[in-house]
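Novice: One file is attached below, entry.cif, containing mmCIF, N, CA and C atoms.
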```cif
data_target
loop_
_atom_site.label_atom_id
_atom_site.label_comp_id
_atom_site.auth_asym_id
_atom_site.auth_seq_id
_atom_site.Cartn_x
_atom_site.Cartn_y
_atom_site.Cartn_z
N MET B 1 30.18 78.01 -43.53
CA MET B 1 29.07 78.87 -43.19
C MET B 1 27.75 78.30 -43.72
N ARG B 2 27.82 77.76 -44.93
CA ARG B 2 26.62 77.18 -45.52
C ARG B 2 26.16 75.95 -44.72
N ALA B 3 27.11 75.17 -44.27
CA ALA B 3 26.79 73.98 -43.47
C ALA B 3 26.14 74.38 -42.15
N LEU B 4 26.61 75.45 -41.55
CA LEU B 4 26.03 75.94 -40.30
C LEU B 4 24.59 76.40 -40.52
N PHE B 5 24.36 77.11 -41.62
CA PHE B 5 23.01 77.56 -41.96
C PHE B 5 22.08 76.37 -42.16
N LEU B 6 22.52 75.36 -42.88
CA LEU B 6 21.70 74.17 -43.11
C LEU B 6 21.40 73.44 -41.80
N LEU B 7 22.38 73.39 -40.93
CA LEU B 7 22.20 72.75 -39.63
C LEU B 7 21.14 73.49 -38.80
N VAL B 8 21.17 74.82 -38.81
CA VAL B 8 20.20 75.62 -38.07
C VAL B 8 18.80 75.42 -38.65
N VAL B 9 18.67 75.42 -39.97
CA VAL B 9 17.37 75.21 -40.61
C VAL B 9 16.84 73.81 -40.29
N LEU B 10 17.68 72.82 -40.37
CA LEU B 10 17.26 71.44 -40.07
C LEU B 10 16.82 71.31 -38.62
N PHE B 11 17.58 71.87 -37.71
CA PHE B 11 17.24 71.81 -36.29
C PHE B 11 15.91 72.53 -36.03
N SER B 12 15.71 73.69 -36.65
CA SER B 12 14.46 74.43 -36.47
C SER B 12 13.27 73.65 -37.00
N THR B 13 13.44 72.96 -38.11
CA THR B 13 12.37 72.16 -38.69
C THR B 13 11.98 71.02 -37.76
N VAL B 14 12.96 70.36 -37.19
CA VAL B 14 12.69 69.25 -36.27
C VAL B 14 11.96 69.74 -35.04
N ILE B 15 12.38 70.85 -34.48
CA ILE B 15 11.75 71.40 -33.28
C ILE B 15 10.30 71.81 -33.58
N SER B 16 10.07 72.52 -34.68
CA SER B 16 8.72 73.00 -34.96
C SER B 16 7.78 71.86 -35.34
N SER B 17 8.26 70.84 -36.00
CA SER B 17 7.38 69.72 -36.36
C SER B 17 6.94 68.97 -35.11
N TYR B 18 7.78 68.88 -34.10
CA TYR B 18 7.38 68.25 -32.84
C TYR B 18 6.29 69.08 -32.17
N SER B 19 6.43 70.40 -32.20
CA SER B 19 5.44 71.27 -31.58
C SER B 19 4.08 71.14 -32.23
N PHE B 20 4.05 71.13 -33.55
CA PHE B 20 2.78 71.03 -34.26
C PHE B 20 2.16 69.65 -34.15
N ALA B 21 2.96 68.64 -33.92
CA ALA B 21 2.44 67.28 -33.82
C ALA B 21 1.74 67.03 -32.49
N HIS B 22 1.97 67.87 -31.51
CA HIS B 22 1.43 67.61 -30.18
C HIS B 22 0.64 68.81 -29.64
N LEU B 23 -0.20 69.39 -30.47
CA LEU B 23 -1.00 70.52 -30.03
C LEU B 23 -1.99 70.14 -28.93
N ASP B 24 -2.48 68.88 -28.96
CA ASP B 24 -3.40 68.45 -27.91
C ASP B 24 -2.74 68.46 -26.55
N LYS B 25 -1.45 68.13 -26.51
CA LYS B 25 -0.72 68.15 -25.24
C LYS B 25 -0.58 69.59 -24.75
N LEU B 26 -0.33 70.51 -25.67
CA LEU B 26 -0.22 71.91 -25.28
C LEU B 26 -1.54 72.44 -24.74
N LYS B 27 -2.64 72.00 -25.33
CA LYS B 27 -3.96 72.44 -24.87
C LYS B 27 -4.22 71.96 -23.44
N ARG B 28 -3.83 70.72 -23.15
CA ARG B 28 -4.02 70.21 -21.78
C ARG B 28 -3.15 70.96 -20.78
N MET B 29 -2.02 71.46 -21.24
CA MET B 29 -1.11 72.17 -20.35
C MET B 29 -1.57 73.60 -20.08
N ASP B 30 -2.51 74.10 -20.87
CA ASP B 30 -3.01 75.46 -20.72
C ASP B 30 -4.02 75.50 -19.57
N HIS B 31 -3.52 75.73 -18.37
CA HIS B 31 -4.38 75.69 -17.19
C HIS B 31 -5.23 76.93 -17.05
N SER B 32 -4.90 77.99 -17.75
CA SER B 32 -5.65 79.23 -17.58
C SER B 32 -7.08 79.08 -18.07
N ARG B 33 -7.32 78.27 -19.11
CA ARG B 33 -8.68 78.07 -19.60
C ARG B 33 -9.52 77.35 -18.56
N HIS B 34 -8.96 76.36 -17.91
CA HIS B 34 -9.69 75.55 -16.93
C HIS B 34 -10.03 76.36 -15.69
N ASP B 35 -9.10 77.22 -15.26
CA ASP B 35 -9.30 77.95 -14.02
C ASP B 35 -10.45 78.94 -14.08
N HIS B 36 -10.83 79.40 -15.25
CA HIS B 36 -11.83 80.44 -15.36
C HIS B 36 -13.23 79.92 -15.71
N MET B 37 -13.40 78.61 -15.83
CA MET B 37 -14.71 78.07 -16.21
C MET B 37 -15.63 78.07 -15.00
N ASN B 38 -16.78 78.69 -15.17
CA ASN B 38 -17.81 78.73 -14.15
C ASN B 38 -19.15 78.93 -14.85
N ASP B 39 -20.22 79.11 -14.09
CA ASP B 39 -21.55 79.28 -14.69
C ASP B 39 -21.61 80.49 -15.61
N LYS B 40 -21.02 81.59 -15.18
CA LYS B 40 -21.03 82.82 -15.98
C LYS B 40 -20.29 82.61 -17.31
N ALA B 41 -19.15 81.93 -17.26
CA ALA B 41 -18.39 81.66 -18.48
C ALA B 41 -19.15 80.72 -19.40
N ALA B 42 -19.82 79.72 -18.84
CA ALA B 42 -20.60 78.78 -19.64
C ALA B 42 -21.75 79.50 -20.35
N ILE B 43 -22.41 80.40 -19.65
CA ILE B 43 -23.50 81.17 -20.24
C ILE B 43 -22.97 82.05 -21.38
N SER B 44 -21.85 82.67 -21.16
CA SER B 44 -21.24 83.51 -22.18
C SER B 44 -20.87 82.69 -23.43
N ILE B 45 -20.34 81.50 -23.22
CA ILE B 45 -19.97 80.62 -24.33
C ILE B 45 -21.21 80.22 -25.13
N VAL B 46 -22.31 79.92 -24.44
CA VAL B 46 -23.55 79.54 -25.12
C VAL B 46 -24.09 80.69 -25.96
N ILE B 47 -24.12 81.88 -25.40
CA ILE B 47 -24.62 83.04 -26.15
C ILE B 47 -23.76 83.29 -27.39
N THR B 48 -22.47 83.27 -27.22
CA THR B 48 -21.56 83.48 -28.35
C THR B 48 -21.71 82.40 -29.39
N SER B 49 -21.79 81.14 -28.96
CA SER B 49 -21.93 80.03 -29.90
C SER B 49 -23.24 80.10 -30.67
N ALA B 50 -24.33 80.40 -29.97
CA ALA B 50 -25.63 80.50 -30.64
C ALA B 50 -25.62 81.63 -31.67
N GLN B 51 -25.02 82.75 -31.32
CA GLN B 51 -24.96 83.87 -32.25
C GLN B 51 -24.09 83.52 -33.46
N LYS B 52 -22.98 82.82 -33.25
CA LYS B 52 -22.13 82.40 -34.38
C LYS B 52 -22.86 81.42 -35.28
N MET B 53 -23.68 80.57 -34.67
CA MET B 53 -24.40 79.56 -35.45
C MET B 53 -25.50 80.16 -36.32
N THR B 54 -25.81 81.45 -36.16
CA THR B 54 -26.82 82.08 -37.01
C THR B 54 -26.27 82.44 -38.38
N PHE B 55 -24.97 82.61 -38.49
CA PHE B 55 -24.39 82.97 -39.78
C PHE B 55 -23.39 81.95 -40.29
N GLU B 56 -23.16 80.87 -39.52
CA GLU B 56 -22.17 79.89 -39.91
C GLU B 56 -22.53 78.53 -39.32
N ASP B 57 -22.36 77.49 -40.10
CA ASP B 57 -22.56 76.13 -39.61
C ASP B 57 -21.27 75.71 -38.92
N LEU B 58 -21.32 75.53 -37.61
CA LEU B 58 -20.12 75.19 -36.85
C LEU B 58 -19.85 73.68 -36.80
N GLY B 59 -20.63 72.91 -37.54
CA GLY B 59 -20.38 71.48 -37.62
C GLY B 59 -21.22 70.63 -36.67
N TYR B 60 -22.14 71.25 -35.96
CA TYR B 60 -23.01 70.48 -35.08
C TYR B 60 -24.20 69.95 -35.87
N LYS B 61 -24.89 68.97 -35.32
CA LYS B 61 -26.01 68.32 -36.00
C LYS B 61 -27.09 69.31 -36.44
N LEU B 62 -27.31 70.36 -35.65
CA LEU B 62 -28.36 71.33 -35.95
C LEU B 62 -28.04 72.22 -37.15
N GLY B 63 -26.78 72.37 -37.47
CA GLY B 63 -26.40 73.22 -38.59
C GLY B 63 -26.55 74.70 -38.25
N GLN B 64 -26.90 75.48 -39.26
CA GLN B 64 -27.06 76.91 -39.08
C GLN B 64 -28.42 77.22 -38.46
N LEU B 65 -28.42 78.15 -37.50
CA LEU B 65 -29.65 78.51 -36.79
C LEU B 65 -30.33 79.72 -37.45
N PRO B 66 -31.64 79.88 -37.22
CA PRO B 66 -32.34 81.08 -37.72
C PRO B 66 -31.77 82.36 -37.08
N ALA B 67 -31.95 83.47 -37.75
CA ALA B 67 -31.40 84.76 -37.30
C ALA B 67 -31.93 85.19 -35.93
N SER B 68 -33.08 84.70 -35.52
CA SER B 68 -33.65 85.10 -34.23
C SER B 68 -32.78 84.68 -33.04
N TRP B 69 -31.88 83.73 -33.25
CA TRP B 69 -30.99 83.31 -32.16
C TRP B 69 -29.95 84.37 -31.83
N LYS B 70 -29.78 85.37 -32.66
CA LYS B 70 -28.85 86.47 -32.36
C LYS B 70 -29.34 87.29 -31.16
N ASN B 71 -30.63 87.22 -30.88
CA ASN B 71 -31.23 88.08 -29.87
C ASN B 71 -31.30 87.47 -28.47
N ILE B 72 -30.73 86.28 -28.26
CA ILE B 72 -30.82 85.71 -26.91
C ILE B 72 -29.92 86.48 -25.95
N THR B 73 -30.35 86.52 -24.70
CA THR B 73 -29.62 87.25 -23.66
C THR B 73 -29.30 86.31 -22.50
N VAL B 74 -28.66 86.85 -21.51
CA VAL B 74 -28.31 86.08 -20.31
C VAL B 74 -29.57 85.53 -19.64
N ALA B 75 -30.66 86.27 -19.70
CA ALA B 75 -31.92 85.83 -19.09
C ALA B 75 -32.49 84.60 -19.79
N ASP B 76 -32.10 84.37 -21.04
CA ASP B 76 -32.61 83.23 -21.81
C ASP B 76 -31.77 81.96 -21.64
N VAL B 77 -30.67 82.07 -20.92
CA VAL B 77 -29.74 80.95 -20.80
C VAL B 77 -29.65 80.51 -19.35
N LYS B 78 -29.67 79.18 -19.14
CA LYS B 78 -29.65 78.64 -17.78
C LYS B 78 -28.72 77.43 -17.71
N VAL B 79 -27.86 77.38 -16.69
CA VAL B 79 -27.00 76.22 -16.46
C VAL B 79 -27.83 75.16 -15.76
N LEU B 80 -27.95 74.00 -16.38
CA LEU B 80 -28.74 72.91 -15.81
C LEU B 80 -27.90 71.98 -14.95
N SER B 81 -26.65 71.78 -15.36
CA SER B 81 -25.79 70.83 -14.65
C SER B 81 -24.34 71.20 -14.90
N ASP B 82 -23.50 70.94 -13.91
CA ASP B 82 -22.06 71.14 -14.09
C ASP B 82 -21.26 70.01 -13.45
N ALA B 83 -21.75 68.81 -13.59
CA ALA B 83 -21.10 67.65 -12.97
C ALA B 83 -20.16 66.95 -13.94
N GLY B 84 -19.14 66.35 -13.40
CA GLY B 84 -18.24 65.53 -14.20
C GLY B 84 -17.40 66.30 -15.20
N GLY B 85 -17.14 67.57 -14.95
CA GLY B 85 -16.31 68.35 -15.86
C GLY B 85 -17.04 68.76 -17.13
N VAL B 86 -18.36 68.62 -17.15
CA VAL B 86 -19.15 68.99 -18.33
C VAL B 86 -20.33 69.85 -17.87
N TYR B 87 -20.54 70.95 -18.54
CA TYR B 87 -21.67 71.83 -18.26
C TYR B 87 -22.78 71.54 -19.27
N ILE B 88 -23.99 71.39 -18.79
CA ILE B 88 -25.17 71.29 -19.63
C ILE B 88 -25.93 72.60 -19.46
N VAL B 89 -26.10 73.32 -20.57
CA VAL B 89 -26.70 74.65 -20.52
C VAL B 89 -27.85 74.71 -21.53
N SER B 90 -28.98 75.28 -21.11
CA SER B 90 -30.11 75.44 -22.02
C SER B 90 -30.21 76.90 -22.45
N ALA B 91 -30.64 77.08 -23.69
CA ALA B 91 -30.88 78.42 -24.23
C ALA B 91 -32.26 78.43 -24.86
N ILE B 92 -33.08 79.39 -24.45
CA ILE B 92 -34.45 79.48 -24.93
C ILE B 92 -34.58 80.67 -25.89
N ASN B 93 -35.13 80.40 -27.05
CA ASN B 93 -35.44 81.46 -28.02
C ASN B 93 -36.94 81.69 -27.95
N ALA B 94 -37.35 82.74 -27.26
CA ALA B 94 -38.77 83.01 -27.05
C ALA B 94 -39.49 83.39 -28.34
N GLU B 95 -38.76 83.94 -29.30
CA GLU B 95 -39.39 84.36 -30.56
C GLU B 95 -39.97 83.19 -31.34
N ILE B 96 -39.25 82.06 -31.31
CA ILE B 96 -39.73 80.89 -32.05
C ILE B 96 -40.11 79.74 -31.12
N ASN B 97 -40.09 80.01 -29.81
CA ASN B 97 -40.47 79.03 -28.80
C ASN B 97 -39.68 77.72 -28.96
N LYS B 98 -38.36 77.84 -28.95
CA LYS B 98 -37.49 76.69 -29.13
C LYS B 98 -36.37 76.73 -28.10
N THR B 99 -35.99 75.55 -27.60
CA THR B 99 -34.90 75.44 -26.63
C THR B 99 -33.80 74.57 -27.22
N LEU B 100 -32.56 75.03 -27.04
CA LEU B 100 -31.39 74.25 -27.42
C LEU B 100 -30.59 73.93 -26.17
N TYR B 101 -29.92 72.80 -26.20
CA TYR B 101 -29.09 72.37 -25.07
C TYR B 101 -27.65 72.25 -25.55
N PHE B 102 -26.76 72.85 -24.79
CA PHE B 102 -25.34 72.87 -25.12
C PHE B 102 -24.58 72.05 -24.10
N GLN B 103 -23.70 71.21 -24.58
CA GLN B 103 -22.81 70.45 -23.70
C GLN B 103 -21.43 71.08 -23.85
N ILE B 104 -20.90 71.61 -22.74
CA ILE B 104 -19.65 72.36 -22.77
C ILE B 104 -18.63 71.68 -21.86
N ALA B 105 -17.45 71.44 -22.40
CA ALA B 105 -16.37 70.83 -21.62
C ALA B 105 -15.84 71.84 -20.60
N ASP B 106 -15.16 71.34 -19.60
CA ASP B 106 -14.61 72.17 -18.54
C ASP B 106 -13.57 73.16 -19.07
N ASP B 107 -13.00 72.87 -20.24
CA ASP B 107 -12.02 73.80 -20.82
C ASP B 107 -12.67 74.86 -21.70
N GLY B 108 -14.01 74.83 -21.82
CA GLY B 108 -14.72 75.85 -22.57
C GLY B 108 -15.10 75.46 -23.98
N ASP B 109 -14.72 74.28 -24.44
CA ASP B 109 -15.08 73.83 -25.78
C ASP B 109 -16.52 73.33 -25.80
N VAL B 110 -17.26 73.72 -26.82
CA VAL B 110 -18.62 73.22 -27.01
C VAL B 110 -18.52 71.83 -27.62
N ILE B 111 -19.02 70.84 -26.90
CA ILE B 111 -18.93 69.45 -27.34
C ILE B 111 -20.09 69.10 -28.26
N LEU B 112 -21.30 69.51 -27.86
CA LEU B 112 -22.50 69.10 -28.58
C LEU B 112 -23.59 70.14 -28.40
N VAL B 113 -24.38 70.32 -29.45
CA VAL B 113 -25.57 71.18 -29.39
C VAL B 113 -26.75 70.33 -29.86
N SER B 114 -27.81 70.31 -29.06
CA SER B 114 -28.93 69.41 -29.36
C SER B 114 -30.25 70.09 -29.03
N GLU B 115 -31.32 69.57 -29.63
CA GLU B 115 -32.66 70.04 -29.30
C GLU B 115 -33.26 69.28 -28.12
N SER B 116 -32.57 68.23 -27.68
CA SER B 116 -33.05 67.46 -26.53
C SER B 116 -31.99 67.47 -25.44
N ASN B 117 -32.44 67.25 -24.23
CA ASN B 117 -31.53 67.27 -23.09
C ASN B 117 -30.98 65.88 -22.78
N VAL B 118 -30.94 65.03 -23.76
CA VAL B 118 -30.41 63.66 -23.59
C VAL B 118 -29.04 63.61 -24.26
N PHE B 119 -28.01 63.49 -23.44
CA PHE B 119 -26.64 63.45 -24.00
C PHE B 119 -26.01 62.11 -23.75
#
```
Could you write out this file's structure as structure tokens?
Specialist:
Amino acid sequence: MRALFLLVVLFSTVISSYSFAHLDKLKRMDHSRHDHMNDKAAISIVITSAQKMTFEDLGYKLGQLPASWKNITVADVKVLSDAGGVYIVSAINAEINKTLYFQIADDGDVILVSESNVF
């Protein structure tokens, strides 16, 4: 009985370690994220990302944003380009007269946030 238990534990460990080692493959297999990407989704991602960046540094070059970025709306965000599986979206903060540009992958991940539209 003890040998059977050890065999089950060992087998479970091998299976789970393979799963964790290939999370990128699982992400590519998740077609539901890709199917829902459009201009509206890109705008929503930009608004959410900008608001998160007001209280947390998400690791982009710009770092943490001023609190006024919490107030941006759909009217402040515009999709500039959606070619090549990458969305380029601008967000304007009228309070401080500043524009940020977001590069978003077709799967919804924010690739880059910049103050210039040169990617």
Novice: Between CA of Ile92 (chain B) and atom N of Asp107 (chain B), what distance in Å does the model show, to one decimal?
Specialist: 22.9 Å
Novice: Since I can't run it myself right now, could you work out what the PyMOL selection byres ((chain B and resi 54) around 7) selects here and report it as a short mmCIF file (atom, residue, chain, number, x, y, z; two decimals) with N, CA and C atoms, in the frame of the given file?
Specialist:
```
data_model
loop_
_atom_site.label_atom_id
_atom_site.label_comp_id
_atom_site.auth_asym_id
_atom_site.auth_seq_id
_atom_site.Cartn_x
_atom_site.Cartn_y
_atom_site.Cartn_z
N SER B 49 -21.79 81.14 -28.96
CA SER B 49 -21.93 80.03 -29.90
C SER B 49 -23.24 80.10 -30.67
N ALA B 50 -24.33 80.40 -29.97
CA ALA B 50 -25.63 80.50 -30.64
C ALA B 50 -25.62 81.63 -31.67
N GLN B 51 -25.02 82.75 -31.32
CA GLN B 51 -24.96 83.87 -32.25
C GLN B 51 -24.09 83.52 -33.46
N LYS B 52 -22.98 82.82 -33.25
CA LYS B 52 -22.13 82.40 -34.38
C LYS B 52 -22.86 81.42 -35.28
N MET B 53 -23.68 80.57 -34.67
CA MET B 53 -24.40 79.56 -35.45
C MET B 53 -25.50 80.16 -36.32
N PHE B 55 -24.97 82.61 -38.49
CA PHE B 55 -24.39 82.97 -39.78
C PHE B 55 -23.39 81.95 -40.29
N GLU B 56 -23.16 80.87 -39.52
CA GLU B 56 -22.17 79.89 -39.91
C GLU B 56 -22.53 78.53 -39.32
N ASP B 57 -22.36 77.49 -40.10
CA ASP B 57 -22.56 76.13 -39.61
C ASP B 57 -21.27 75.71 -38.92
N GLN B 64 -26.90 75.48 -39.26
CA GLN B 64 -27.06 76.91 -39.08
C GLN B 64 -28.42 77.22 -38.46
N LEU B 65 -28.42 78.15 -37.50
CA LEU B 65 -29.65 78.51 -36.79
C LEU B 65 -30.33 79.72 -37.45
N PRO B 66 -31.64 79.88 -37.22
CA PRO B 66 -32.34 81.08 -37.72
C PRO B 66 -31.77 82.36 -37.08
N ALA B 67 -31.95 83.47 -37.75
CA ALA B 67 -31.40 84.76 -37.30
C ALA B 67 -31.93 85.19 -35.93
N SER B 68 -33.08 84.70 -35.52
CA SER B 68 -33.65 85.10 -34.23
C SER B 68 -32.78 84.68 -33.04
N TRP B 69 -31.88 83.73 -33.25
CA TRP B 69 -30.99 83.31 -32.16
C TRP B 69 -29.95 84.37 -31.83
N LYS B 70 -29.78 85.37 -32.66
CA LYS B 70 -28.85 86.47 -32.36
C LYS B 70 -29.34 87.29 -31.16
#
```
Novice: Nearest to Val89 (chain B) among B:Val9, B:Ala42, B:Ile15, B:Asn71, with distances taken over all atoms listed in the file: which residue is it?
Specialist: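 Of the candidates, the smallest distance to Val89 (chain B) is held by B:Ala42.
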Novice: Which residues are close to Tyr101 (chain B), i.e. within 12 Å by only C-alpha atoms, leaving aside same-chain residues fewer than 2 positions away? Reply as an NGL selection string.
Specialist: :B and (42-43 or 46-47 or 49-50 or 60 or 62 or 76-81 or 87-93 or 98-99 or 103-104 or 110-119)
Novice: Calculated over only C-alpha atoms, which of the candidates B:Gly84, B:Val8, B:Ile45, B:Ile72 has the smallest distance to Phe102 (chain B)?
Specialist: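 The answer is B:Ile45, which sits nearest to Phe102 (chain B).
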Novice: DSSP on the backbone, then: every residue of chain B marked strand (DSSP E), written as an NGL selection string.
Specialist: :B and (77-81 or 86-93 or 98-105 or 110-114)
Novice: Take the PyMOL selection byres ((chain B and resi 106) around 6.5), run it mentally on this structure, and tell me the resulting residues as an MDAnalysis selection string.
Specialist: chainID B and resid 33:34 37 85:87 104:105 107:109
Novice: By how many Å are CA of Ala75 (chain B) and CA of Glu95 (chain B) apart?
Specialist: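 Computing the Euclidean distance for CA of Ala75 (chain B) and CA of Glu95 (chain B) yields 13.8 Å.
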